$ cat model12.pdb   # PDB, C-alpha atoms, pLDDT in the B column
ATOM      1  CA  MET S   1      95.505  51.544  96.833  1.00 54.00           C
ATOM      2  CA  LEU S   2      96.780  54.655  98.573  1.00 58.00           C
ATOM      3  CA  ALA S   3      99.456  52.671 100.432  1.00 55.00           C
ATOM      4  CA  SER S   4     100.885  51.154  97.255  1.00 54.00           C
ATOM      5  CA  ARG S   5     101.086  54.652  95.675  1.00 57.00           C
ATOM      6  CA  ALA S   6     102.843  55.901  98.789  1.00 54.00           C
ATOM      7  CA  PHE S   7     105.209  52.933  98.386  1.00 52.00           C
ATOM      8  CA  SER S   8     106.507  54.082  94.994  1.00 55.00           C
ATOM      9  CA  LEU S   9     106.986  57.690  96.178  1.00 57.00           C
ATOM     10  CA  ILE S  10     108.887  57.061  99.396  1.00 55.00           C
ATOM     11  CA  GLY S  11     110.708  53.899  98.469  1.00 52.00           C
ATOM     12  CA  ARG S  12     110.145  50.355  99.637  1.00 54.00           C
ATOM     13  CA  ARG S  13     112.923  50.293 102.231  1.00 54.00           C
ATOM     14  CA  ALA S  14     111.735  53.468 103.904  1.00 51.00           C
ATOM     15  CA  LEU S  15     108.123  52.299 104.137  1.00 50.00           C
ATOM     16  CA  SER S  16     108.997  48.812 105.311  1.00 51.00           C
ATOM     17  CA  THR S  17     110.357  50.347 108.477  1.00 52.00           C
ATOM     18  CA  SER S  18     107.274  52.489 108.990  1.00 50.00           C
ATOM     19  CA  ILE S  19     104.929  51.588 111.795  1.00 50.00           C
ATOM     20  CA  CYS S  20     101.714  51.285 109.833  1.00 49.00           C
ATOM     21  CA  VAL S  21     102.948  48.462 107.557  1.00 47.00           C
ATOM     22  CA  ARG S  22     104.383  46.587 110.522  1.00 50.00           C
ATOM     23  CA  ALA S  23     101.062  46.841 112.287  1.00 52.00           C
ATOM     24  CA  HIS S  24      99.069  45.354 109.342  1.00 56.00           C
ATOM     25  CA  GLY S  25     101.650  42.844 108.230  1.00 57.00           C
ATOM     26  CA  HIS S  26     101.401  42.351 104.459  1.00 61.00           C
ATOM     27  CA  ALA S  27      98.058  43.948 103.820  1.00 69.00           C
ATOM     28  CA  GLY S  28      98.133  47.745 103.958  1.00 83.00           C
ATOM     29  CA  VAL S  29      95.086  48.033 101.719  1.00 88.00           C
ATOM     30  CA  VAL S  30      91.457  47.566 102.761  1.00 89.00           C
ATOM     31  CA  LYS S  31      89.557  45.067 100.606  1.00 88.00           C
ATOM     32  CA  ALA S  32      87.170  46.897  98.272  1.00 86.00           C
ATOM     33  CA  GLU S  33      83.538  46.050  98.989  1.00 88.00           C
ATOM     34  CA  ASP S  34      81.452  44.683  96.144  1.00 85.00           C
ATOM     35  CA  PHE S  35      79.067  47.615  96.125  1.00 89.00           C
ATOM     36  CA  SER S  36      81.885  50.103  95.609  1.00 91.00           C
ATOM     37  CA  LEU S  37      83.180  48.366  92.453  1.00 91.00           C
ATOM     38  CA  PRO S  38      81.700  48.879  88.967  1.00 92.00           C
ATOM     39  CA  ALA S  39      78.521  46.837  88.829  1.00 92.00           C
ATOM     40  CA  TYR S  40      76.350  45.210  86.205  1.00 93.00           C
ATOM     41  CA  VAL S  41      72.751  46.455  85.868  1.00 92.00           C
ATOM     42  CA  ASP S  42      69.829  45.414  83.675  1.00 92.00           C
ATOM     43  CA  ARG S  43      68.358  48.834  82.888  1.00 92.00           C
ATOM     44  CA  ARG S  44      66.730  50.278  79.801  1.00 91.00           C
ATOM     45  CA  ASP S  45      68.638  53.549  80.132  1.00 92.00           C
ATOM     46  CA  VAL S  46      72.041  51.857  80.671  1.00 92.00           C
ATOM     47  CA  PRO S  47      72.768  50.024  77.390  1.00 91.00           C
ATOM     48  CA  LEU S  48      76.431  49.270  78.239  1.00 93.00           C
ATOM     49  CA  PRO S  49      76.867  48.547  81.970  1.00 93.00           C
ATOM     50  CA  GLU S  50      80.174  49.233  83.680  1.00 93.00           C
ATOM     51  CA  ALA S  51      80.941  45.537  84.244  1.00 93.00           C
ATOM     52  CA  ALA S  52      80.272  42.325  82.347  1.00 93.00           C
ATOM     53  CA  PHE S  53      77.627  40.005  83.723  1.00 94.00           C
ATOM     54  CA  VAL S  54      79.771  36.912  84.118  1.00 91.00           C
ATOM     55  CA  LYS S  55      82.844  37.651  86.221  1.00 89.00           C
ATOM     56  CA  GLN S  56      84.419  34.226  86.676  1.00 90.00           C
ATOM     57  CA  LEU S  57      84.804  32.650  83.245  1.00 91.00           C
ATOM     58  CA  SER S  58      84.990  28.906  82.852  1.00 94.00           C
ATOM     59  CA  ALA S  59      87.849  27.429  80.814  1.00 93.00           C
ATOM     60  CA  GLN S  60      85.544  27.095  77.813  1.00 93.00           C
ATOM     61  CA  GLN S  61      84.438  30.725  78.118  1.00 94.00           C
ATOM     62  CA  LYS S  62      88.056  31.860  78.480  1.00 94.00           C
ATOM     63  CA  ALA S  63      88.923  30.022  75.257  1.00 94.00           C
ATOM     64  CA  LEU S  64      85.999  31.746  73.562  1.00 94.00           C
ATOM     65  CA  LYS S  65      87.231  35.124  74.779  1.00 94.00           C
ATOM     66  CA  GLU S  66      90.614  34.342  73.204  1.00 94.00           C
ATOM     67  CA  LYS S  67      88.873  33.466  69.941  1.00 93.00           C
ATOM     68  CA  GLU S  68      87.018  36.778  70.141  1.00 93.00           C
ATOM     69  CA  LYS S  69      90.350  38.564  69.818  1.00 94.00           C
ATOM     70  CA  ALA S  70      90.687  37.219  66.303  1.00 93.00           C
ATOM     71  CA  SER S  71      88.385  38.010  63.364  1.00 93.00           C
ATOM     72  CA  TRP S  72      84.722  37.955  64.338  1.00 93.00           C
ATOM     73  CA  THR S  73      83.630  36.445  61.042  1.00 93.00           C
ATOM     74  CA  ALA S  74      85.213  33.197  62.281  1.00 92.00           C
ATOM     75  CA  LEU S  75      82.720  33.003  65.133  1.00 93.00           C
ATOM     76  CA  SER S  76      79.619  30.891  64.734  1.00 94.00           C
ATOM     77  CA  VAL S  77      76.200  32.231  65.665  1.00 94.00           C
ATOM     78  CA  ASP S  78      76.111  30.138  68.865  1.00 95.00           C
ATOM     79  CA  GLU S  79      79.505  31.489  69.886  1.00 94.00           C
ATOM     80  CA  LYS S  80      78.319  35.034  69.316  1.00 95.00           C
ATOM     81  CA  ILE S  81      75.278  34.368  71.472  1.00 95.00           C
ATOM     82  CA  GLU S  82      77.538  32.854  74.172  1.00 94.00           C
ATOM     83  CA  LEU S  83      79.714  35.976  74.100  1.00 94.00           C
ATOM     84  CA  TYR S  84      76.570  38.109  74.427  1.00 95.00           C
ATOM     85  CA  ARG S  85      75.391  36.085  77.416  1.00 94.00           C
ATOM     86  CA  ILE S  86      78.783  36.473  79.078  1.00 94.00           C
ATOM     87  CA  LYS S  87      78.507  40.225  78.788  1.00 93.00           C
ATOM     88  CA  PHE S  88      74.768  40.678  79.416  1.00 94.00           C
ATOM     89  CA  ASN S  89      72.203  39.006  81.633  1.00 93.00           C
ATOM     90  CA  GLU S  90      68.912  39.856  79.945  1.00 92.00           C
ATOM     91  CA  SER S  91      68.431  41.160  76.438  1.00 91.00           C
ATOM     92  CA  TYR S  92      66.324  44.265  75.939  1.00 90.00           C
ATOM     93  CA  ALA S  93      63.404  42.122  74.855  1.00 90.00           C
ATOM     94  CA  GLU S  94      63.648  40.017  78.031  1.00 91.00           C
ATOM     95  CA  MET S  95      64.151  43.113  80.174  1.00 90.00           C
ATOM     96  CA  ASN S  96      61.122  44.923  78.754  1.00 89.00           C
ATOM     97  CA  LYS S  97      58.883  41.892  78.817  1.00 92.00           C
ATOM     98  CA  GLY S  98      55.863  42.505  80.982  1.00 89.00           C
ATOM     99  CA  SER S  99      54.697  40.181  83.710  1.00 93.00           C
ATOM    100  CA  ASN S 100      51.376  39.250  85.304  1.00 95.00           C
ATOM    101  CA  GLU S 101      52.284  41.003  88.529  1.00 96.00           C
ATOM    102  CA  TRP S 102      49.563  43.643  88.011  1.00 97.00           C
ATOM    103  CA  LYS S 103      46.889  41.012  88.517  1.00 97.00           C
ATOM    104  CA  THR S 104      48.349  40.109  91.917  1.00 97.00           C
ATOM    105  CA  VAL S 105      48.604  43.770  92.874  1.00 98.00           C
ATOM    106  CA  LEU S 106      45.050  44.546  91.769  1.00 98.00           C
ATOM    107  CA  GLY S 107      43.742  41.451  93.536  1.00 98.00           C
ATOM    108  CA  GLY S 108      45.515  42.407  96.740  1.00 98.00           C
ATOM    109  CA  VAL S 109      44.230  45.974  96.591  1.00 98.00           C
ATOM    110  CA  LEU S 110      40.623  44.876  96.017  1.00 98.00           C
ATOM    111  CA  PHE S 111      40.898  42.252  98.741  1.00 98.00           C
ATOM    112  CA  PHE S 112      42.029  44.750 101.339  1.00 98.00           C
ATOM    113  CA  LEU S 113      39.411  47.256 100.204  1.00 98.00           C
ATOM    114  CA  GLY S 114      36.792  44.561 100.749  1.00 98.00           C
ATOM    115  CA  LEU S 115      38.240  43.715 104.141  1.00 98.00           C
ATOM    116  CA  THR S 116      38.066  47.391 105.091  1.00 98.00           C
ATOM    117  CA  GLY S 117      34.460  47.448 103.943  1.00 98.00           C
ATOM    118  CA  VAL S 118      33.647  44.485 106.188  1.00 98.00           C
ATOM    119  CA  ILE S 119      35.255  46.258 109.137  1.00 98.00           C
ATOM    120  CA  LEU S 120      33.272  49.438 108.430  1.00 98.00           C
ATOM    121  CA  ILE S 121      29.982  47.518 108.174  1.00 98.00           C
ATOM    122  CA  TRP S 122      30.717  45.759 111.468  1.00 98.00           C
ATOM    123  CA  GLN S 123      31.434  49.124 113.072  1.00 98.00           C
ATOM    124  CA  LYS S 124      28.152  50.626 111.790  1.00 97.00           C
ATOM    125  CA  ILE S 125      26.124  47.732 113.159  1.00 97.00           C
ATOM    126  CA  TYR S 126      27.864  46.988 116.465  1.00 97.00           C
ATOM    127  CA  MET S 127      29.823  50.076 117.445  1.00 97.00           C
ATOM    128  CA  TYR S 128      28.176  53.333 116.408  1.00 97.00           C
ATOM    129  CA  GLY S 129      25.112  54.737 118.179  1.00 96.00           C
ATOM    130  CA  PRO S 130      21.988  56.100 116.441  1.00 96.00           C
ATOM    131  CA  ILE S 131      22.341  58.989 113.959  1.00 96.00           C
ATOM    132  CA  PRO S 132      20.923  62.444 114.873  1.00 97.00           C
ATOM    133  CA  HIS S 133      17.143  62.958 114.557  1.00 97.00           C
ATOM    134  CA  THR S 134      17.750  65.684 111.992  1.00 97.00           C
ATOM    135  CA  PHE S 135      18.386  62.968 109.380  1.00 97.00           C
ATOM    136  CA  SER S 136      14.884  61.545 109.611  1.00 97.00           C
ATOM    137  CA  ASP S 137      12.621  61.922 106.563  1.00 98.00           C
ATOM    138  CA  GLU S 138      10.196  64.275 108.343  1.00 98.00           C
ATOM    139  CA  TRP S 139      12.947  66.591 109.441  1.00 98.00           C
ATOM    140  CA  VAL S 140      14.635  66.588 106.007  1.00 98.00           C
ATOM    141  CA  SER S 141      11.351  67.439 104.262  1.00 97.00           C
ATOM    142  CA  MET S 142      10.724  70.292 106.761  1.00 97.00           C
ATOM    143  CA  GLN S 143      14.309  71.423 106.145  1.00 97.00           C
ATOM    144  CA  THR S 144      13.913  71.339 102.356  1.00 97.00           C
ATOM    145  CA  LYS S 145      10.629  73.264 102.560  1.00 96.00           C
ATOM    146  CA  ARG S 146      12.338  75.971 104.611  1.00 96.00           C
ATOM    147  CA  MET S 147      15.249  76.130 102.112  1.00 97.00           C
ATOM    148  CA  LEU S 148      12.785  76.596  99.246  1.00 96.00           C
ATOM    149  CA  ASP S 149      10.944  79.284 101.214  1.00 96.00           C
ATOM    150  CA  MET S 150      14.230  81.115 101.648  1.00 96.00           C
ATOM    151  CA  ARG S 151      14.896  80.730  97.881  1.00 96.00           C
ATOM    152  CA  ILE S 152      18.265  79.021  98.440  1.00 96.00           C
ATOM    153  CA  ASN S 153      20.355  78.973  95.228  1.00 95.00           C
ATOM    154  CA  PRO S 154      17.558  80.186  92.930  1.00 95.00           C
ATOM    155  CA  VAL S 155      19.689  80.511  89.747  1.00 95.00           C
ATOM    156  CA  GLU S 156      21.267  77.080  89.266  1.00 94.00           C
ATOM    157  CA  GLY S 157      20.776  75.224  92.560  1.00 94.00           C
ATOM    158  CA  LEU S 158      17.972  73.913  94.755  1.00 96.00           C
ATOM    159  CA  SER S 159      15.267  76.523  94.263  1.00 95.00           C
ATOM    160  CA  SER S 160      15.806  76.503  90.507  1.00 95.00           C
ATOM    161  CA  GLN S 161      14.587  72.877  90.467  1.00 95.00           C
ATOM    162  CA  TRP S 162      11.289  73.700  92.209  1.00 96.00           C
ATOM    163  CA  ASP S 163       8.257  74.966  90.336  1.00 95.00           C
ATOM    164  CA  PHE S 164       6.803  77.608  92.687  1.00 94.00           C
ATOM    165  CA  GLU S 165       3.567  77.968  90.662  1.00 93.00           C
ATOM    166  CA  LYS S 166       2.610  74.313  90.622  1.00 94.00           C
ATOM    167  CA  ASN S 167       4.247  73.598  93.998  1.00 93.00           C
ATOM    168  CA  GLU S 168       6.194  70.570  92.796  1.00 95.00           C
ATOM    169  CA  TRP S 169       9.651  69.668  91.508  1.00 95.00           C
ATOM    170  CA  LYS S 170      10.324  70.705  87.935  1.00 94.00           C
ATOM    171  CA  LYS S 171      10.360  67.836  85.452  1.00 89.00           C
TER     172      LYS S 171
ATOM    173  CA  MET Q 172      68.236  32.790  64.512  1.00 49.00           C
ATOM    174  CA  SER Q 173      67.683  34.136  61.010  1.00 55.00           C
ATOM    175  CA  SER Q 174      70.614  35.639  59.206  1.00 69.00           C
ATOM    176  CA  ALA Q 175      68.437  38.236  57.452  1.00 83.00           C
ATOM    177  CA  LEU Q 176      69.214  41.799  58.440  1.00 89.00           C
ATOM    178  CA  LEU Q 177      66.636  43.750  60.429  1.00 91.00           C
ATOM    179  CA  PRO Q 178      65.740  47.160  58.984  1.00 94.00           C
ATOM    180  CA  LYS Q 179      67.950  49.884  60.441  1.00 94.00           C
ATOM    181  CA  PRO Q 180      66.062  51.629  63.229  1.00 92.00           C
ATOM    182  CA  GLN Q 181      65.606  55.389  63.497  1.00 93.00           C
ATOM    183  CA  MET Q 182      68.881  56.721  64.876  1.00 93.00           C
ATOM    184  CA  ARG Q 183      68.552  60.481  64.826  1.00 96.00           C
ATOM    185  CA  ARG Q 184      66.112  63.253  65.809  1.00 96.00           C
ATOM    186  CA  LEU Q 185      64.425  60.975  68.376  1.00 95.00           C
ATOM    187  CA  LEU Q 186      63.980  63.709  70.975  1.00 96.00           C
ATOM    188  CA  ALA Q 187      62.898  66.223  68.346  1.00 97.00           C
ATOM    189  CA  ARG Q 188      60.172  63.902  67.125  1.00 97.00           C
ATOM    190  CA  ARG Q 189      58.968  63.114  70.640  1.00 97.00           C
ATOM    191  CA  MET Q 190      59.057  66.757  71.633  1.00 98.00           C
ATOM    192  CA  LYS Q 191      57.077  67.874  68.570  1.00 98.00           C
ATOM    193  CA  PHE Q 192      54.458  65.206  69.259  1.00 98.00           C
ATOM    194  CA  HIS Q 193      54.116  66.129  72.889  1.00 98.00           C
ATOM    195  CA  LEU Q 194      54.194  69.884  72.377  1.00 98.00           C
ATOM    196  CA  LEU Q 195      51.397  69.691  69.815  1.00 98.00           C
ATOM    197  CA  GLY Q 196      49.516  67.246  72.007  1.00 98.00           C
ATOM    198  CA  ALA Q 197      49.871  69.432  75.086  1.00 98.00           C
ATOM    199  CA  PHE Q 198      48.693  72.483  73.161  1.00 98.00           C
ATOM    200  CA  PHE Q 199      45.608  70.779  71.773  1.00 98.00           C
ATOM    201  CA  VAL Q 200      44.726  69.000  75.021  1.00 98.00           C
ATOM    202  CA  SER Q 201      44.913  72.162  77.085  1.00 98.00           C
ATOM    203  CA  PHE Q 202      43.082  74.168  74.415  1.00 98.00           C
ATOM    204  CA  GLY Q 203      40.419  71.463  74.286  1.00 98.00           C
ATOM    205  CA  CYS Q 204      40.044  71.444  78.067  1.00 98.00           C
ATOM    206  CA  ALA Q 205      39.641  75.223  78.107  1.00 98.00           C
ATOM    207  CA  ALA Q 206      37.097  75.105  75.272  1.00 98.00           C
ATOM    208  CA  LEU Q 207      35.162  72.297  76.975  1.00 98.00           C
ATOM    209  CA  TYR Q 208      35.012  74.226  80.224  1.00 98.00           C
ATOM    210  CA  LYS Q 209      33.997  77.460  78.477  1.00 98.00           C
ATOM    211  CA  PHE Q 210      31.175  75.885  76.505  1.00 97.00           C
ATOM    212  CA  GLY Q 211      30.205  73.271  79.064  1.00 97.00           C
ATOM    213  CA  VAL Q 212      30.267  75.292  82.254  1.00 97.00           C
ATOM    214  CA  ALA Q 213      30.951  78.992  81.849  1.00 98.00           C
ATOM    215  CA  GLU Q 214      28.544  79.846  79.018  1.00 98.00           C
ATOM    216  CA  PRO Q 215      25.563  77.873  80.422  1.00 97.00           C
ATOM    217  CA  ARG Q 216      26.131  79.516  83.779  1.00 97.00           C
ATOM    218  CA  LYS Q 217      26.187  82.996  82.263  1.00 97.00           C
ATOM    219  CA  LYS Q 218      23.030  82.158  80.339  1.00 97.00           C
ATOM    220  CA  ALA Q 219      21.314  80.831  83.478  1.00 96.00           C
ATOM    221  CA  TYR Q 220      22.062  84.033  85.365  1.00 97.00           C
ATOM    222  CA  ALA Q 221      20.907  86.184  82.433  1.00 97.00           C
ATOM    223  CA  GLU Q 222      17.656  84.203  82.172  1.00 96.00           C
ATOM    224  CA  PHE Q 223      17.060  84.426  85.915  1.00 96.00           C
ATOM    225  CA  TYR Q 224      17.485  88.171  86.090  1.00 97.00           C
ATOM    226  CA  LYS Q 225      15.708  88.984  82.800  1.00 96.00           C
ATOM    227  CA  ASN Q 226      12.251  89.082  84.381  1.00 95.00           C
ATOM    228  CA  TYR Q 227      13.241  89.126  88.058  1.00 96.00           C
ATOM    229  CA  ASP Q 228      11.066  91.166  90.365  1.00 96.00           C
ATOM    230  CA  PRO Q 229      12.789  91.445  93.734  1.00 96.00           C
ATOM    231  CA  MET Q 230       9.724  92.861  95.543  1.00 96.00           C
ATOM    232  CA  LYS Q 231       7.513  89.988  94.389  1.00 95.00           C
ATOM    233  CA  ASP Q 232      10.216  87.544  95.499  1.00 95.00           C
ATOM    234  CA  PHE Q 233      10.452  89.297  98.849  1.00 96.00           C
ATOM    235  CA  GLU Q 234       6.666  89.159  99.407  1.00 96.00           C
ATOM    236  CA  ALA Q 235       6.670  85.444  98.593  1.00 95.00           C
ATOM    237  CA  MET Q 236       9.462  84.804 101.113  1.00 96.00           C
ATOM    238  CA  ARG Q 237       7.707  86.960 103.708  1.00 96.00           C
ATOM    239  CA  ALA Q 238       4.460  85.065 103.242  1.00 95.00           C
ATOM    240  CA  ALA Q 239       6.326  81.793 103.840  1.00 95.00           C
ATOM    241  CA  GLY Q 240       7.431  83.236 107.194  1.00 94.00           C
ATOM    242  CA  VAL Q 241      11.235  83.094 106.903  1.00 95.00           C
ATOM    243  CA  PHE Q 242      11.871  86.705 108.040  1.00 96.00           C
ATOM    244  CA  GLU Q 243      12.149  87.735 111.685  1.00 95.00           C
ATOM    245  CA  SER Q 244      11.967  91.468 111.006  1.00 95.00           C
ATOM    246  CA  ALA Q 245       9.182  91.248 108.388  1.00 94.00           C
ATOM    247  CA  PRO Q 246       6.390  88.959 109.617  1.00 94.00           C
ATOM    248  CA  PRO Q 247       3.637  87.801 107.260  1.00 94.00           C
ATOM    249  CA  LYS Q 248       0.777  90.281 106.831  1.00 88.00           C
TER     250      LYS Q 248
END
$ encode --input "model12.pdb" --output "structure tokens"
Amino acid sequence: MLASRAFSLIGRRALSTSICVRAHGHAGVVKAEDFSLPAYVDRRDVPLPEAAFVKQLSAQQKALKEKEKASWTALSVDEKIELYRIKFNESYAEMNKGSNEWKTVLGGVLFFLGLTGVILIWQKIYMYGPIPHTFSDEWVSMQTKRMLDMRINPVEGLSSQWDFEKNEWKK
Amino acid sequence: MSSALLPKPQMRRLLARRMKFHLLGAFFVSFGCAALYKFGVAEPRKKAYAEFYKNYDPMKDFEAMRAAGVFESAPPK
């Protein structure tokens, strides 16, 4: 692109003797990659993409494009739809249509959660040692008694749930 | 494909409408959350503390704790 512009400024004869053109032969321009050219996208927020969907038109489609240049009232409904499909891939309705993918995702998530649960259960049974003795029922009841004696959280917490007169939990 | 015309969709003031809806919604949701917290958590808590301290006798409480034997510096009598 740049080389052809340089061509017109300097003059063909001058550039044909330059080294760079001799080195490349005919092509002085790098081929543009597909991703750097205007592209077609199916997106809700891009109603008119930069490029049409169909790039290589068949002979029939080319004829239709010629007919499009005339009055549009001459086009039949099927021809209009064909022109639409040349320009666009999916309509908004097709684009926005939901799928059942969420079921697969949810199923996969639950499956792996279950698998993790199995691993954790195996670990508890076969890997971990015994828990500390301070978790036993006797120790916990001694612990709770001491917390009540100390009046832990008497306003809204533990000691507020204990009836100190009757020596039992409040109903 | 039917040849009947679809009704013309709303063309203007789309953002204004959405913004009004969401501004009002945000106001009422946050106000509601604050009200819920105030009357669900804050007021009951204030009431609980008021009730607790209305007839609270610290010396009686202390003697009860001492009798249970939780103090190092004040053993039971």
$ closest_atom_pairs --input "model12.pdb" --of "chain S" --to "chain Q" --cutoff "7 Å" --atoms "all atoms listed in the file" --output "CSV"
residue,atom,partner,partner_atom,distance
S:Asp149,CA,Q:Met236,CA,5.7
S:Met150,CA,Q:Met236,CA,6.1
S:Val155,CA,Q:Phe223,CA,6.1
S:Glu156,CA,Q:Ala219,CA,6.9
$ residues_around --input "model12.pdb" --residues "range 94-111 of chain S" --least-positions-apart "2" --cutoff "12 Å" --atoms "all atoms listed in the file" --output "list in words"
Val41, Asp42, Arg43, Arg44, Asp45, Val46, Pro47, Phe88, Asn89, Glu90, Ser91, Tyr92, Leu113, Gly114, Leu115, Thr116, Gly117 and Val118 of chain S
$ atom_distance --input "model12.pdb" --atom1 "CA of Ala52 in chain S" --atom2 "CA of Ala74 in chain S"
22.6 Å
$ resolve_selection --input "model12.pdb" --expression "the PyMOL selection byres ((chain S and resi 169) around 12)" --output "list of chain:residue names"
S:Thr144, S:Lys145, S:Leu148, S:Leu158, S:Ser159, S:Ser160, S:Gln161, S:Trp162, S:Asp163, S:Phe164, S:Glu165, S:Lys166, S:Asn167, S:Glu168, S:Lys170, S:Lys171
$ atom_distance --input "model12.pdb" --atom1 "CA of Pro246 in chain Q" --atom2 "CA of Arg146 in chain S"
15.1 Å
$ build_atoms --input "model12.pdb" --residues "range 143-154 of chain S" --atoms "N, CA and C atoms" --output "short mmCIF file (atom, residue, chain, number, x, y, z; two decimals), in the coordinates of the input"
data_model
loop_
_atom_site.label_atom_id
_atom_site.label_comp_id
_atom_site.auth_asym_id
_atom_site.auth_seq_id
_atom_site.Cartn_x
_atom_site.Cartn_y
_atom_site.Cartn_z
N GLN S 143 13.10 70.65 106.46
CA GLN S 143 14.31 71.42 106.14
C GLN S 143 14.30 71.89 104.70
N THR S 144 13.94 70.99 103.78
CA THR S 144 13.91 71.34 102.36
C THR S 144 12.85 72.41 102.09
N LYS S 145 11.70 72.27 102.74
CA LYS S 145 10.63 73.26 102.56
C LYS S 145 11.12 74.64 102.97
N ARG S 146 11.83 74.69 104.13
CA ARG S 146 12.34 75.97 104.61
C ARG S 146 13.37 76.55 103.64
N MET S 147 14.25 75.65 103.08
CA MET S 147 15.25 76.13 102.11
C MET S 147 14.57 76.70 100.87
N LEU S 148 13.51 76.08 100.41
CA LEU S 148 12.78 76.60 99.25
C LEU S 148 12.12 77.93 99.59
N ASP S 149 11.56 78.02 100.80
CA ASP S 149 10.94 79.28 101.21
C ASP S 149 11.95 80.42 101.21
N MET S 150 13.18 80.09 101.59
CA MET S 150 14.23 81.11 101.65
C MET S 150 14.84 81.36 100.27
N ARG S 151 14.37 80.61 99.25
CA ARG S 151 14.90 80.73 97.88
C ARG S 151 16.40 80.48 97.85
N ILE S 152 16.85 79.40 98.47
CA ILE S 152 18.26 79.02 98.44
C ILE S 152 18.65 78.67 97.01
N ASN S 153 19.77 79.27 96.56
CA ASN S 153 20.36 78.97 95.23
C ASN S 153 19.31 78.98 94.11
N PRO S 154 18.68 80.16 93.88
CA PRO S 154 17.56 80.19 92.93
C PRO S 154 17.98 80.13 91.46
#
